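Take a look at the structure set out below.
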Amino acid sequence: MAKLLNLQEWAEETYSKPPSLSTLRRWAREGRIYPAPELHGKEYKVQHDATYVDPSKKNLRPKPKHLKLPSGGTLLERLTHGEKASSLRR
């Protein structure tokens with residue numbers, strides 16, 4: 001199991017000028033650090049490879065490296081080339 005760091009240690013390792021402890025605690029409460037820090041007593045512990053996640057970004061999931069396209073092409077390609085979409089079954 002990897003060694004967990006407290007928020008100050010993680011910030012010193014991650015940032016050249018680390019944010020204050022109150023800012024780090026607020027980030028932990030608001031879910032801005034991924035993977036989420038664990039609360040051990042009165043102190044948050046975080047994995048060394050954790051990252052800050054900007055909540056204003058909508059797509060937070062990493063994109064897959066190998067994306068398989070649909071067999072008929074993407075929707076944009078079908079619309080561009082005038083191919084009809086299959087009917088919906090209800």
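Going through the structure tokens in order, the chains are called A, B, and so on, while each chain numbers its residues from 1 and the ligands are numbered from 1 in the order shown.
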Contact residues around stretch 46-57 of chain A with only C-alpha atoms at 9 Å, ignoring same-chain residues under 2 positions, as a ChimeraX atom specification
/A:2-7,9-10,13-14,27,31-39,44,59-60
Emit the selected residues as a CSV table (one decimal), in the first residue's frame, including C-alpha atoms.
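And here's result_25.csv as it stands now:
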chain,number,residue,atom,x,y,z
A,2,ALA,CA,1.3,3.4,-0.9
A,3,LYS,CA,2.2,5.9,1.8
A,4,LEU,CA,-0.4,8.6,2.4
A,5,LEU,CA,0.7,12.2,2.8
A,6,ASN,CA,-1.0,14.9,4.8
A,7,LEU,CA,-2.3,17.9,2.8
A,9,GLU,CA,3.2,17.5,2.4
A,10,TRP,CA,1.2,16.8,-0.7
A,13,GLU,CA,5.4,18.1,-3.4
A,14,THR,CA,2.9,19.3,-6.0
A,27,TRP,CA,-10.4,21.8,-1.6
A,31,GLY,CA,-14.0,17.3,-3.7
A,32,ARG,CA,-11.5,19.3,-5.7
A,33,ILE,CA,-8.7,16.7,-5.1
A,34,TYR,CA,-8.8,13.4,-6.9
A,35,PRO,CA,-8.6,10.7,-5.6
A,36,ALA,CA,-10.4,12.1,-2.6
A,37,PRO,CA,-8.4,12.6,0.6
A,38,GLU,CA,-9.4,10.5,3.6
A,39,LEU,CA,-10.1,12.0,7.0
A,44,TYR,CA,-6.7,14.7,5.8
A,59,ASN,CA,-15.7,16.5,-18.6
A,60,LEU,CA,-13.5,15.3,-15.7
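Our summary of the geometry notes that atom CA of A:Gly41 is positioned 21.9 Å from atom CA of A:Pro19.
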Find the residues around A:Leu21 up to 9 Å (only C-alpha atoms counted), leave out those fewer than 4 positions away in its own chain, and share them as a VMD selection string.
chain A and resid 7 to 8 25 to 26
Got time to write the residues from that selection, N, CA and C atoms, as a CSV table (one decimal), in the first residue's frame?
chain,number,residue,atom,x,y,z
A,7,LEU,N,-2.0,16.9,3.8
A,7,LEU,CA,-2.3,17.9,2.8
A,7,LEU,C,-1.1,18.8,2.6
A,8,GLN,N,-0.4,19.3,3.6
A,8,GLN,CA,0.7,20.2,3.5
A,8,GLN,C,1.9,19.5,2.8
A,25,ARG,N,-7.7,22.4,2.9
A,25,ARG,CA,-8.9,21.7,3.6
A,25,ARG,C,-10.2,22.0,2.8
A,26,ARG,N,-10.3,23.2,2.4
A,26,ARG,CA,-11.6,23.5,1.6
A,26,ARG,C,-11.6,22.7,0.3
Correct to one decimal, the distance atom CA of A:Thr23-atom CA of A:Glu43 is 13.8 Å
Atom CA of A:Lys17 to atom CA of A:Arg29: how many Å, to one decimal?
21.2 Å
